[in-house]
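final15.cif (mmCIF, C-alpha atoms and all ligand atoms)
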data_entry
loop_
_atom_site.label_atom_id
_atom_site.label_comp_id
_atom_site.auth_asym_id
_atom_site.auth_seq_id
_atom_site.Cartn_x
_atom_site.Cartn_y
_atom_site.Cartn_z
CA MET A 1 1.85 21.80 -4.64
CA THR A 2 4.81 19.80 -5.93
CA THR A 3 4.38 17.53 -8.93
CA GLY A 4 7.46 15.48 -8.02
CA LEU A 5 6.47 14.78 -4.36
CA ASP A 6 9.76 16.47 -3.31
CA GLY A 7 10.05 16.54 0.48
CA VAL A 8 6.74 14.70 1.02
CA ILE A 9 7.04 12.07 3.76
CA ALA A 10 5.15 9.04 2.46
CA ALA A 11 6.46 6.39 4.87
CA GLN A 12 8.29 5.89 8.14
CA THR A 13 11.22 3.53 7.81
CA ARG A 14 13.81 1.92 10.06
CA LEU A 15 15.86 0.88 7.01
CA SER A 16 17.89 3.78 5.65
CA HIS A 17 18.39 7.49 6.11
CA VAL A 18 19.75 9.77 3.39
CA ASP A 19 21.16 12.99 4.86
CA GLY A 20 21.59 15.26 1.87
CA GLU A 21 23.05 18.18 3.86
CA ARG A 22 25.80 16.23 5.62
CA GLY A 23 26.42 13.60 2.94
CA ARG A 24 25.57 10.60 5.14
CA LEU A 25 23.85 7.34 4.31
CA ILE A 26 22.79 5.39 7.41
CA LEU A 27 21.54 1.82 7.10
CA ARG A 28 19.77 0.61 10.27
CA GLY A 29 22.18 2.40 12.62
CA TYR A 30 25.39 1.96 10.62
CA GLU A 31 27.17 4.43 8.35
CA LEU A 32 27.62 3.08 4.81
CA GLU A 33 31.41 3.55 5.19
CA GLN A 34 31.41 1.16 8.19
CA LEU A 35 29.48 -1.51 6.33
CA ALA A 36 31.59 -1.20 3.19
CA ARG A 37 34.80 -1.69 5.19
CA SER A 38 34.20 -5.31 6.19
CA TRP A 39 30.62 -6.55 6.00
CA SER A 40 29.58 -9.22 3.51
CA PHE A 41 26.53 -8.60 1.33
CA GLU A 42 24.67 -11.37 3.19
CA GLU A 43 25.42 -9.70 6.55
CA VAL A 44 24.05 -6.38 5.30
CA VAL A 45 20.95 -8.13 3.96
CA ALA A 46 20.39 -9.80 7.36
CA LEU A 47 20.79 -6.38 9.01
CA LEU A 48 18.10 -4.90 6.77
CA TRP A 49 15.75 -7.88 7.03
CA GLN A 50 15.92 -8.43 10.82
CA GLY A 51 12.44 -8.29 12.34
CA LEU A 52 10.83 -7.41 9.01
CA VAL A 53 11.42 -10.31 6.62
CA SER A 54 11.34 -14.00 7.45
CA TYR A 55 14.56 -15.73 6.36
CA PRO A 56 16.52 -18.84 7.40
CA HIS A 57 19.14 -18.53 10.16
CA ASP A 58 22.02 -19.44 7.81
CA LEU A 59 21.29 -16.84 5.17
CA PRO A 60 24.46 -17.39 3.05
CA ALA A 61 23.66 -21.14 2.69
CA ALA A 62 19.97 -20.46 2.06
CA LEU A 63 20.83 -17.88 -0.57
CA ALA A 64 23.18 -20.34 -2.30
CA GLN A 65 20.32 -22.91 -2.32
CA ALA A 66 17.99 -20.26 -3.68
CA ARG A 67 20.37 -19.55 -6.58
CA ILE A 68 20.46 -23.24 -7.48
CA ALA A 69 16.66 -23.51 -7.34
CA ALA A 70 16.35 -20.35 -9.43
CA TRP A 71 18.63 -21.78 -12.10
CA ALA A 72 16.41 -24.92 -12.34
CA ARG A 73 13.38 -22.66 -12.81
CA PHE A 74 15.00 -20.29 -15.32
CA ALA A 75 17.05 -22.66 -17.52
CA PRO A 76 14.06 -23.83 -19.64
CA LEU A 77 12.94 -20.22 -20.12
CA LEU A 78 16.24 -18.88 -21.46
CA PRO A 79 15.33 -19.30 -25.18
CA TYR A 80 12.47 -16.82 -24.63
CA LEU A 81 15.00 -14.08 -23.76
CA GLU A 82 15.99 -13.88 -27.43
CA GLY A 83 15.83 -10.24 -28.56
CA MET A 84 15.23 -8.83 -25.06
CA SER A 85 17.45 -6.24 -23.39
CA ALA A 86 19.18 -7.40 -20.20
CA ILE A 87 16.77 -5.51 -17.92
CA GLU A 88 13.71 -6.77 -19.81
CA GLY A 89 15.06 -10.32 -19.63
CA MET A 90 15.61 -10.00 -15.89
CA ARG A 91 12.07 -8.69 -15.42
CA PHE A 92 10.65 -11.55 -17.53
CA LEU A 93 12.46 -14.21 -15.48
CA LEU A 94 11.56 -12.71 -12.09
CA ALA A 95 7.89 -12.55 -13.07
CA THR A 96 7.88 -16.38 -12.93
CA VAL A 97 8.85 -16.49 -9.22
CA PRO A 98 5.92 -17.45 -6.91
CA ASP A 99 4.32 -14.39 -5.36
CA GLN A 100 4.25 -15.54 -1.75
CA PRO A 101 5.24 -13.75 1.45
CA ALA A 102 7.74 -16.42 2.57
CA GLU A 103 9.68 -16.19 -0.69
CA ALA A 104 12.15 -13.41 0.25
CA THR A 105 15.33 -15.50 0.11
CA ALA A 106 14.18 -17.33 -3.03
CA LEU A 107 13.45 -13.99 -4.64
CA LEU A 108 16.83 -12.44 -3.79
CA GLY A 109 18.67 -15.54 -5.06
CA SER A 110 16.51 -15.49 -8.20
CA ALA A 111 17.31 -11.83 -8.82
CA GLY A 112 21.06 -12.62 -8.87
CA VAL A 113 20.67 -15.56 -11.25
CA ALA A 114 18.19 -13.71 -13.48
CA MET A 115 20.52 -10.69 -13.66
CA ALA A 116 23.55 -12.73 -14.74
CA ALA A 117 21.58 -14.89 -17.19
CA ALA A 118 19.79 -11.95 -18.80
CA ILE A 119 23.01 -9.93 -19.23
CA ARG A 120 24.84 -12.87 -20.82
CA GLN A 121 21.93 -13.79 -23.12
CA ALA A 122 21.61 -10.15 -24.25
CA GLN A 123 25.34 -10.22 -25.15
CA GLY A 124 24.85 -13.43 -27.18
CA GLN A 125 26.62 -15.59 -24.56
CA ALA A 126 25.23 -18.71 -22.90
CA ALA A 127 23.96 -18.22 -19.34
CA LEU A 128 25.85 -20.05 -16.59
CA ALA A 129 24.61 -22.12 -13.65
CA PRO A 130 25.40 -21.06 -10.06
CA GLU A 131 28.13 -22.81 -8.10
CA PRO A 132 27.32 -24.07 -4.59
CA GLY A 133 29.78 -23.04 -1.90
CA LEU A 134 30.43 -19.53 -3.18
CA GLY A 135 29.25 -16.35 -1.47
CA HIS A 136 26.58 -14.28 -3.23
CA ALA A 137 28.99 -11.65 -4.59
CA ALA A 138 31.53 -14.22 -5.82
CA ASP A 139 28.88 -16.36 -7.51
CA LEU A 140 27.12 -13.43 -9.19
CA LEU A 141 30.42 -12.10 -10.56
CA ARG A 142 31.39 -15.56 -11.82
CA MET A 143 28.00 -16.20 -13.49
CA LEU A 144 28.10 -12.75 -15.02
CA ARG A 145 31.58 -12.86 -16.55
CA GLY A 146 32.09 -16.58 -17.11
CA ARG A 147 35.22 -16.64 -14.95
CA PRO A 148 35.77 -16.41 -11.19
CA GLY A 149 36.92 -13.13 -9.69
CA ASN A 150 40.14 -12.86 -7.71
CA THR A 151 39.95 -11.75 -4.05
CA ALA A 152 40.21 -8.03 -4.86
CA GLU A 153 37.56 -8.25 -7.60
CA VAL A 154 35.09 -10.15 -5.44
CA ARG A 155 35.57 -7.69 -2.57
CA ALA A 156 35.17 -4.69 -4.89
CA PHE A 157 31.97 -6.19 -6.33
CA GLU A 158 30.69 -6.93 -2.83
CA ILE A 159 31.33 -3.30 -1.82
CA TYR A 160 29.31 -2.23 -4.85
CA LEU A 161 26.40 -4.50 -3.83
CA VAL A 162 26.51 -3.09 -0.28
CA ALA A 163 26.63 0.53 -1.53
CA ALA A 164 23.63 -0.10 -3.80
CA VAL A 165 21.44 -2.10 -1.40
CA ASP A 166 19.17 0.69 -0.10
CA HIS A 167 18.79 4.45 -0.39
CA GLY A 168 15.68 5.88 1.27
CA LEU A 169 12.43 6.31 -0.60
CA ASN A 170 13.74 6.52 -4.17
CA ALA A 171 11.31 5.94 -7.07
CA SER A 172 11.71 2.17 -7.33
CA THR A 173 11.55 1.63 -3.56
CA PHE A 174 8.41 3.76 -3.38
CA THR A 175 6.95 1.63 -6.19
CA ALA A 176 7.74 -1.56 -4.26
CA ARG A 177 6.03 -0.16 -1.16
CA VAL A 178 2.91 0.91 -3.10
CA VAL A 179 2.53 -2.56 -4.64
CA ALA A 180 3.20 -4.30 -1.30
CA SER A 181 0.62 -2.07 0.40
CA THR A 182 -2.12 -3.55 -1.81
CA GLY A 183 -1.42 -7.00 -0.34
CA ALA A 184 0.22 -8.30 -3.53
CA GLY A 185 3.24 -10.55 -2.88
CA LEU A 186 6.94 -9.76 -2.80
CA ALA A 187 7.63 -10.90 -6.36
CA SER A 188 5.00 -8.45 -7.66
CA ALA A 189 6.59 -5.64 -5.63
CA VAL A 190 10.08 -6.44 -7.00
CA VAL A 191 8.94 -6.79 -10.62
CA ALA A 192 7.15 -3.44 -10.39
CA ALA A 193 10.21 -1.81 -8.81
CA LEU A 194 12.34 -3.11 -11.69
CA GLY A 195 10.02 -1.32 -14.10
CA ALA A 196 10.58 1.95 -12.21
CA LEU A 197 14.35 1.43 -12.05
CA LYS A 198 14.56 0.92 -15.80
CA GLY A 199 13.83 4.57 -16.58
CA PRO A 200 16.79 6.79 -17.48
CA LEU A 201 15.99 9.29 -14.70
CA HIS A 202 16.55 6.60 -12.09
CA GLY A 203 18.71 3.57 -12.84
CA GLY A 204 20.19 4.30 -16.21
CA ALA A 205 22.96 6.87 -15.56
CA PRO A 206 26.32 5.04 -15.23
CA GLY A 207 26.56 4.16 -18.95
CA PRO A 208 26.62 7.86 -19.99
CA VAL A 209 29.49 8.52 -17.53
CA LEU A 210 31.62 6.10 -19.55
CA ASP A 211 30.47 7.71 -22.82
CA MET A 212 31.76 11.02 -21.42
CA LEU A 213 35.12 9.49 -20.45
CA ASP A 214 35.38 7.94 -23.94
CA ALA A 215 34.74 11.34 -25.50
CA ILE A 216 37.38 13.03 -23.29
CA GLY A 217 39.94 10.31 -24.00
CA THR A 218 42.96 11.41 -21.94
CA ALA A 219 43.51 13.20 -18.61
CA PRO A 220 45.16 16.34 -20.11
CA ALA A 221 42.06 16.85 -22.33
CA ALA A 222 39.66 16.86 -19.34
CA GLU A 223 39.61 20.55 -18.45
CA ALA A 224 39.04 21.89 -21.96
CA TRP A 225 36.39 19.25 -22.71
CA VAL A 226 34.47 19.89 -19.49
CA ASP A 227 34.57 23.69 -19.93
CA ALA A 228 33.30 23.37 -23.50
CA ALA A 229 30.46 21.03 -22.42
CA ILE A 230 29.32 23.47 -19.71
CA ALA A 231 29.54 26.35 -22.20
CA ARG A 232 27.25 24.39 -24.55
CA GLY A 233 24.74 24.14 -21.67
CA GLU A 234 25.22 20.38 -21.23
CA ARG A 235 25.08 18.53 -17.91
CA LEU A 236 28.14 16.65 -16.77
CA MET A 237 27.25 13.02 -16.25
CA GLY A 238 27.85 11.66 -12.74
CA PHE A 239 27.68 15.14 -11.13
CA GLY A 240 24.79 16.62 -9.11
CA HIS A 241 22.01 15.00 -7.09
CA ARG A 242 18.39 15.78 -6.15
CA ILE A 243 19.01 15.25 -2.42
CA TYR A 244 22.75 15.52 -1.72
CA ARG A 245 23.94 19.08 -1.30
CA VAL A 246 27.45 17.77 -0.60
CA ARG A 247 29.37 14.80 -1.89
CA ASP A 248 27.37 11.56 -2.22
CA PRO A 249 28.87 9.27 0.47
CA ARG A 250 28.66 6.28 -1.87
CA ALA A 251 31.07 7.99 -4.28
CA ASP A 252 34.10 7.75 -1.95
CA VAL A 253 33.31 4.18 -0.95
CA LEU A 254 33.20 3.19 -4.62
CA LYS A 255 36.24 5.27 -5.55
CA ALA A 256 38.30 3.48 -2.88
CA ALA A 257 37.08 0.13 -4.24
CA VAL A 258 38.10 1.05 -7.81
CA GLY A 259 41.54 1.94 -6.47
CA THR A 260 42.05 -1.67 -5.38
CA LEU A 261 41.57 -2.97 -8.94
CA HIS A 262 43.93 -3.02 -11.89
CA GLY A 263 42.91 -1.78 -15.28
CA GLY A 264 40.42 0.93 -14.25
CA ARG A 265 40.61 4.37 -15.86
CA ILE A 266 41.19 5.92 -12.44
CA ALA A 267 43.71 8.59 -13.57
CA LEU A 268 41.37 9.81 -16.29
CA ALA A 269 38.40 9.71 -13.90
CA GLU A 270 40.24 11.75 -11.27
CA ALA A 271 41.22 14.35 -13.85
CA VAL A 272 37.59 14.61 -15.02
CA GLU A 273 36.38 14.80 -11.41
CA GLN A 274 38.75 17.69 -10.62
CA ALA A 275 37.99 19.51 -13.88
CA GLY A 276 34.24 19.02 -13.36
CA LEU A 277 34.31 20.33 -9.77
CA LYS A 278 36.23 23.45 -10.85
CA ALA A 279 34.00 24.12 -13.84
CA LEU A 280 30.77 23.60 -11.88
CA ALA A 281 31.97 25.84 -9.01
CA ARG A 282 32.44 28.63 -11.59
CA HIS A 283 29.18 27.80 -13.41
CA LYS A 284 26.96 27.59 -10.26
CA PRO A 285 28.84 29.42 -7.48
CA GLY A 286 25.97 29.22 -4.96
CA ARG A 287 25.19 25.56 -5.49
CA ARG A 288 27.75 22.96 -4.53
CA LEU A 289 27.66 20.30 -7.24
CA ASP A 290 29.79 17.26 -6.55
CA ILE A 291 30.04 13.77 -7.99
CA ASN A 292 27.23 11.30 -7.36
CA THR A 293 27.24 7.53 -6.96
CA GLU A 294 27.04 6.92 -10.70
CA PHE A 295 30.47 8.41 -11.42
CA TYR A 296 32.58 5.76 -9.67
CA THR A 297 29.94 3.05 -10.13
CA ALA A 298 30.67 3.32 -13.84
CA LEU A 299 34.42 3.09 -13.25
CA LEU A 300 34.09 0.16 -10.85
CA LEU A 301 31.80 -1.94 -13.04
CA GLU A 302 33.96 -1.18 -16.08
CA ALA A 303 37.13 -2.21 -14.21
CA LEU A 304 35.36 -5.47 -13.32
CA ASP A 305 34.74 -6.03 -17.03
CA ILE A 306 30.96 -5.88 -16.75
CA PRO A 307 29.27 -4.70 -19.98
CA ARG A 308 27.63 -1.26 -19.90
CA ALA A 309 24.28 -2.70 -20.94
CA GLY A 310 24.35 -4.74 -17.73
CA PHE A 311 24.86 -1.89 -15.25
CA THR A 312 21.15 -1.38 -14.45
CA PRO A 313 20.39 -5.11 -13.93
CA VAL A 314 23.45 -5.43 -11.64
CA PHE A 315 22.14 -2.48 -9.62
CA ALA A 316 18.72 -4.17 -9.47
CA ALA A 317 20.23 -7.44 -8.19
CA ALA A 318 21.63 -5.53 -5.19
CA ARG A 319 18.62 -3.26 -4.61
CA THR A 320 16.21 -6.26 -4.62
CA ALA A 321 17.25 -6.85 -0.98
CA GLY A 322 16.24 -3.29 -0.10
CA TRP A 323 12.98 -3.51 -2.08
CA ILE A 324 12.05 -6.70 -0.19
CA ALA A 325 12.79 -5.08 3.19
CA HIS A 326 10.71 -2.01 2.34
CA ALA A 327 7.85 -4.13 0.96
CA CYS A 328 7.71 -6.14 4.20
CA GLU A 329 7.98 -3.00 6.33
CA GLN A 330 5.09 -1.48 4.41
CA GLN A 331 3.02 -4.67 4.75
CA GLN A 332 3.55 -4.55 8.53
CA THR A 333 1.73 -1.20 8.66
CA GLY A 334 -1.35 -2.91 7.18
CA ARG A 335 -2.13 0.37 5.44
CA LEU A 336 -2.90 0.82 1.73
CA LEU A 337 -0.83 3.63 0.15
CA ARG A 338 -3.34 5.82 -1.62
CA PRO A 339 -2.44 9.50 -2.12
CA ALA A 340 -4.88 12.15 -3.26
CA SER A 341 -4.83 14.12 -6.49
CA GLU A 342 -6.06 17.62 -7.18
CA TYR A 343 -8.60 17.66 -10.01
CA ILE A 344 -7.80 20.38 -12.57
CA GLY A 345 -10.08 19.14 -15.43
CA PRO A 346 -13.42 20.62 -16.54
CA TRP A 347 -16.49 20.33 -14.32
CA PRO A 348 -19.72 18.53 -15.47
CA GLN A 349 -21.26 19.99 -18.60
CA ALA A 350 -24.11 19.20 -21.04
CA TYR A 351 -23.56 16.19 -23.36
CA GLN A 352 -22.76 17.33 -26.91
CA PRO A 353 -22.14 14.28 -29.15
CA ASP A 354 -20.19 16.18 -31.82
CA LYS A 355 -17.69 17.37 -29.15
CA VAL A 356 -16.89 13.88 -27.81
CA LEU A 357 -15.60 11.98 -30.89
N1 LIG A 401 26.12 19.44 -14.92
C1 LIG A 401 25.92 20.75 -15.12
N2 LIG A 401 25.02 21.47 -14.44
C2 LIG A 401 24.30 20.87 -13.52
C3 LIG A 401 24.46 19.51 -13.24
C4 LIG A 401 25.41 18.78 -13.97
N3 LIG A 401 25.62 17.47 -13.78
N4 LIG A 401 23.61 19.14 -12.26
C5 LIG A 401 22.92 20.24 -11.95
N5 LIG A 401 23.32 21.27 -12.70
C6 LIG A 401 22.83 22.62 -12.67
C7 LIG A 401 21.39 22.61 -13.18
O1 LIG A 401 21.38 22.85 -14.57
C8 LIG A 401 20.75 23.70 -12.40
O2 LIG A 401 20.97 24.91 -13.06
P1 LIG A 401 19.73 25.89 -13.42
O3 LIG A 401 19.17 26.26 -12.08
O4 LIG A 401 20.40 27.00 -14.17
O5 LIG A 401 18.80 25.04 -14.24
C9 LIG A 401 21.53 23.75 -11.09
O6 LIG A 401 22.74 23.07 -11.33
C10 LIG A 401 20.85 23.10 -9.92
O7 LIG A 401 20.36 21.85 -10.29
P2 LIG A 401 19.55 20.99 -9.20
O8 LIG A 401 18.19 21.52 -9.03
O9 LIG A 401 20.38 20.81 -8.03
O10 LIG A 401 19.54 19.58 -9.90
P3 LIG A 401 18.29 18.60 -10.05
O11 LIG A 401 17.86 18.14 -8.72
O12 LIG A 401 17.27 19.18 -10.95
O13 LIG A 401 18.98 17.43 -10.86
C11 LIG A 401 20.28 15.60 -11.43
C12 LIG A 401 19.69 16.41 -10.26
C13 LIG A 401 19.18 15.11 -12.38
C14 LIG A 401 21.00 14.38 -10.84
C15 LIG A 401 21.29 16.50 -12.17
O14 LIG A 401 22.30 16.92 -11.30
C16 LIG A 401 21.87 15.84 -13.41
O15 LIG A 401 21.24 15.88 -14.47
N6 LIG A 401 23.08 15.23 -13.31
C17 LIG A 401 23.69 14.57 -14.43
C18 LIG A 401 23.08 13.18 -14.65
C19 LIG A 401 23.46 12.21 -13.55
O16 LIG A 401 24.59 12.14 -13.11
N7 LIG A 401 22.45 11.43 -13.09
C20 LIG A 401 22.66 10.43 -12.01
C21 LIG A 401 22.08 10.94 -10.75
S1 LIG A 401 22.48 9.93 -9.35
C22 LIG A 401 21.20 8.90 -9.17
O17 LIG A 401 20.16 9.10 -9.71
C23 LIG A 401 21.35 7.67 -8.36
#
Could you render the structure from this file as structure tokens?
Ligand code: ACO
Amino acid sequence: MTTGLDGVIAAQTRLSHVDGERGRLILRGYELEQLARSWSFEEVVALLWQGLVSYPHDLPAALAQARIAAWARFAPLLPYLEGMSAIEGMRFLLATVPDQPAEATALLGSAGVAMAAAIRQAQGQAALAPEPGLGHAADLLRMLRGRPGNTAEVRAFEIYLVAAVDHGLNASTFTARVVASTGAGLASAVVAALGALKGPLHGGAPGPVLDMLDAIGTAPAAEAWVDAAIARGERLMGFGHRIYRVRDPRADVLKAAVGTLHGGRIALAEAVEQAGLKALARHKPGRRLDINTEFYTALLLEALDIPRAGFTPVFAAARTAGWIAHACEQQQTGRLLRPASEYIGPWPQAYQPDKVL
């Protein structure tokens, strides 16, 4: 019996396949590397949603409309975000979206607007309205930072959104499928998935990667710092993965994207990557530990000038498309997800009042 459901197949999916032995991520018949090369976020969303989710033919235009409608809904609610973290604020705003099956596009547009508004409000900055005519990635980046991105920045952000859109039956996606299987609507499934993503074992790792780089400071200090951390029994942030036994394919896609931007700490990151790989090979010779997606996610989002406290909501804005696809796929099975548990408590006994309270 496994308490973490490791290796248990709880659903059949046509959406994504994570091959931990070969380091491949396949999204509906395409390798992630192919999609990241040239596809827009909207094209990848349409790929995932085809045949599962109902959405308008012109998805980019419909998504732009959805962002504008979301802003009209959220603007009066922004004062209530006072004192909330960015992820809590995003969850609060999305909980106001109607919970109806035909709301997929509205929900994805709302997730982008809610993400940007909640991050800005949590930083003490005024939230910004969407701009019609922009693509999803360009508009999210503009709303988030308060200034438009240049071509390289928008493309790098779009690659991030594509790399984060879906990844098998991770904890938040499983949560979305469980909620959808009860017949609750898509908004309920997405709000529940956000709750699962919020936990530090799932969506909260890229911030600590930057803390580690801050502590190391300069490339020449990397090797000594990493060796000392391993000797103290610490885990290196951004290394290792529950499923990948080789390099996480998202890491190289994101590393290449960081390389197209100015101002990233790429030289320091590469020195830490090399030092970490050497130290971990000595520390765990039989277990290949490589970098995971969080390592270069942290570098990419930092180079785009996105605040650390916003990393998890940005991830959620991308993954919402995957959660929606999985929720609809689960609903199509018409089957309630209801696993069994093994009872290990005491068996019926005589009532003894003094033992109960
Ligand atoms: N640094 C040092 N040692 C490590 C690391 C690491 N980053 N990762 C694993 N190990 C060691 C473990 O301590 C373990 O040693 P032990 O057997 O002596 O206890 C051994 O390698 C094997 O560990 P696994 O069983 O492969 O790792 P597990 O599946 O339990 O953990 C996890 C995976 C949580 C990601 C782990 O590698 C880790 O803590 N990494 C650092 C945090 C991090 O980067 N998290 C983001 C993950 S990516 C994502 O969630 C999207």
- prompt: In Å, with one decimal, what is the gap from CA of Gly276 (chain A) to CA of Arg308 (chain A)?
  reply: 22.3 Å
field: Residue with smallest distance to Gly259 (chain A) - pool A:Ala118, A:Met143, A:Leu299, A:Ala176, counting all atoms listed in the file
entry: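 Nearest to Gly259 (chain A): A:Leu299.
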field: Which of A:Ala222, A:Ala271, A:Ile216, A:Val45 sits closest to His136 (chain A) [using all atoms listed in the file]
entry: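 Ranking A:Ala222, A:Ala271, A:Ile216, A:Val45 by distance to His136 (chain A), first place goes to A:Val45.
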Would you write out, as CSV, a table of all residues in chain A that have an atom no more than 6 Å from an atom of ligand LIG 401 (chain A), listing for each the closest atom pair and the distance in Å to one decimal, considering only C-alpha atoms and all ligand atoms and ordering rows by chain and rising residue number?
residue,atom,partner,partner_atom,distance
A:His202,CA,A:LIG401,O17,5.0
A:Ala205,CA,A:LIG401,C20,5.0
A:Arg235,CA,A:LIG401,N1,3.3
A:Leu236,CA,A:LIG401,N1,3.9
A:Met237,CA,A:LIG401,O16,4.2
A:Gly238,CA,A:LIG401,O16,3.3
A:Phe239,CA,A:LIG401,N3,4.1
A:Gly240,CA,A:LIG401,O14,3.3
A:His241,CA,A:LIG401,C14,3.9
A:Arg242,CA,A:LIG401,O11,3.5
A:Asn292,CA,A:LIG401,S1,5.3
A:Thr293,CA,A:LIG401,S1,5.8
A:Glu294,CA,A:LIG401,S1,5.6
C-alpha atoms of the current selection, written as a short mmCIF file (atom, residue, chain, number, x, y, z; two decimals), in the coordinates of the input:
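Written out: selection26.cif:
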data_model
loop_
_atom_site.label_atom_id
_atom_site.label_comp_id
_atom_site.auth_asym_id
_atom_site.auth_seq_id
_atom_site.Cartn_x
_atom_site.Cartn_y
_atom_site.Cartn_z
CA HIS A 202 16.55 6.60 -12.09
CA ALA A 205 22.96 6.87 -15.56
CA ARG A 235 25.08 18.53 -17.91
CA LEU A 236 28.14 16.65 -16.77
CA MET A 237 27.25 13.02 -16.25
CA GLY A 238 27.85 11.66 -12.74
CA PHE A 239 27.68 15.14 -11.13
CA GLY A 240 24.79 16.62 -9.11
CA HIS A 241 22.01 15.00 -7.09
CA ARG A 242 18.39 15.78 -6.15
CA ASN A 292 27.23 11.30 -7.36
CA THR A 293 27.24 7.53 -6.96
CA GLU A 294 27.04 6.92 -10.70
#
message: Nearest residue to Gln34 (chain A) out of A:Ala62, A:His57, A:Arg288, A:Arg250, using only C-alpha atoms?
response: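 Smallest distance to Gln34 (chain A) is found for A:Arg250.
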query: Counting only C-alpha atoms, which of A:Ser85, A:Thr320, A:Gln121, A:Gln50 gets nearest to His167 (chain A)?
result: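 When distances to His167 (chain A) are compared using only C-alpha atoms, the smallest one comes from A:Thr320.
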Expected residue set, 12 Å radius at (26.6, 19.2, -21.2), only C-alpha atoms, as an MDAnalysis selection string: chainID A and resid 208:209 212 225:239 276 279:280 283
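If you look at CA of Arg282 (chain A) and CA of Arg245 (chain A), they are 16.4 Å away from each other.
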- prompt: What does the distance between CA of Glu33 (chain A) and CA of Ala106 (chain A) come to in Å, to one decimal place?
  reply: 28.3 Å
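Surrounding residues of (23.4, -14.9, -8.3) at most 8 Å away are Arg67, Gly109, Ser110, Ala111, Gly112, Val113, Ala114, Met115, Ala116, Pro130, His136, Ala137, Asp139, Leu140, Leu141 and Met143 of chain A (based on only C-alpha atoms).
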Using C-alpha atoms, can you export the residues from the last selection as a JSON list (two decimals), keeping the file's coordinate frame?
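Ended up saving to again_5.json:
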[["chain", "number", "residue", "atom", "x", "y", "z"],
["A", 67, "ARG", "CA", 20.37, -19.55, -6.58],
["A", 109, "GLY", "CA", 18.67, -15.54, -5.06],
["A", 110, "SER", "CA", 16.51, -15.49, -8.20],
["A", 111, "ALA", "CA", 17.31, -11.83, -8.82],
["A", 112, "GLY", "CA", 21.06, -12.62, -8.87],
["A", 113, "VAL", "CA", 20.67, -15.56, -11.25],
["A", 114, "ALA", "CA", 18.19, -13.71, -13.48],
["A", 115, "MET", "CA", 20.52, -10.69, -13.66],
["A", 116, "ALA", "CA", 23.55, -12.73, -14.74],
["A", 130, "PRO", "CA", 25.40, -21.06, -10.06],
["A", 136, "HIS", "CA", 26.58, -14.28, -3.23],
["A", 137, "ALA", "CA", 28.99, -11.65, -4.59],
["A", 139, "ASP", "CA", 28.88, -16.36, -7.51],
["A", 140, "LEU", "CA", 27.12, -13.43, -9.19],
["A", 141, "LEU", "CA", 30.42, -12.10, -10.56],
["A", 143, "MET", "CA", 28.00, -16.20, -13.49]]
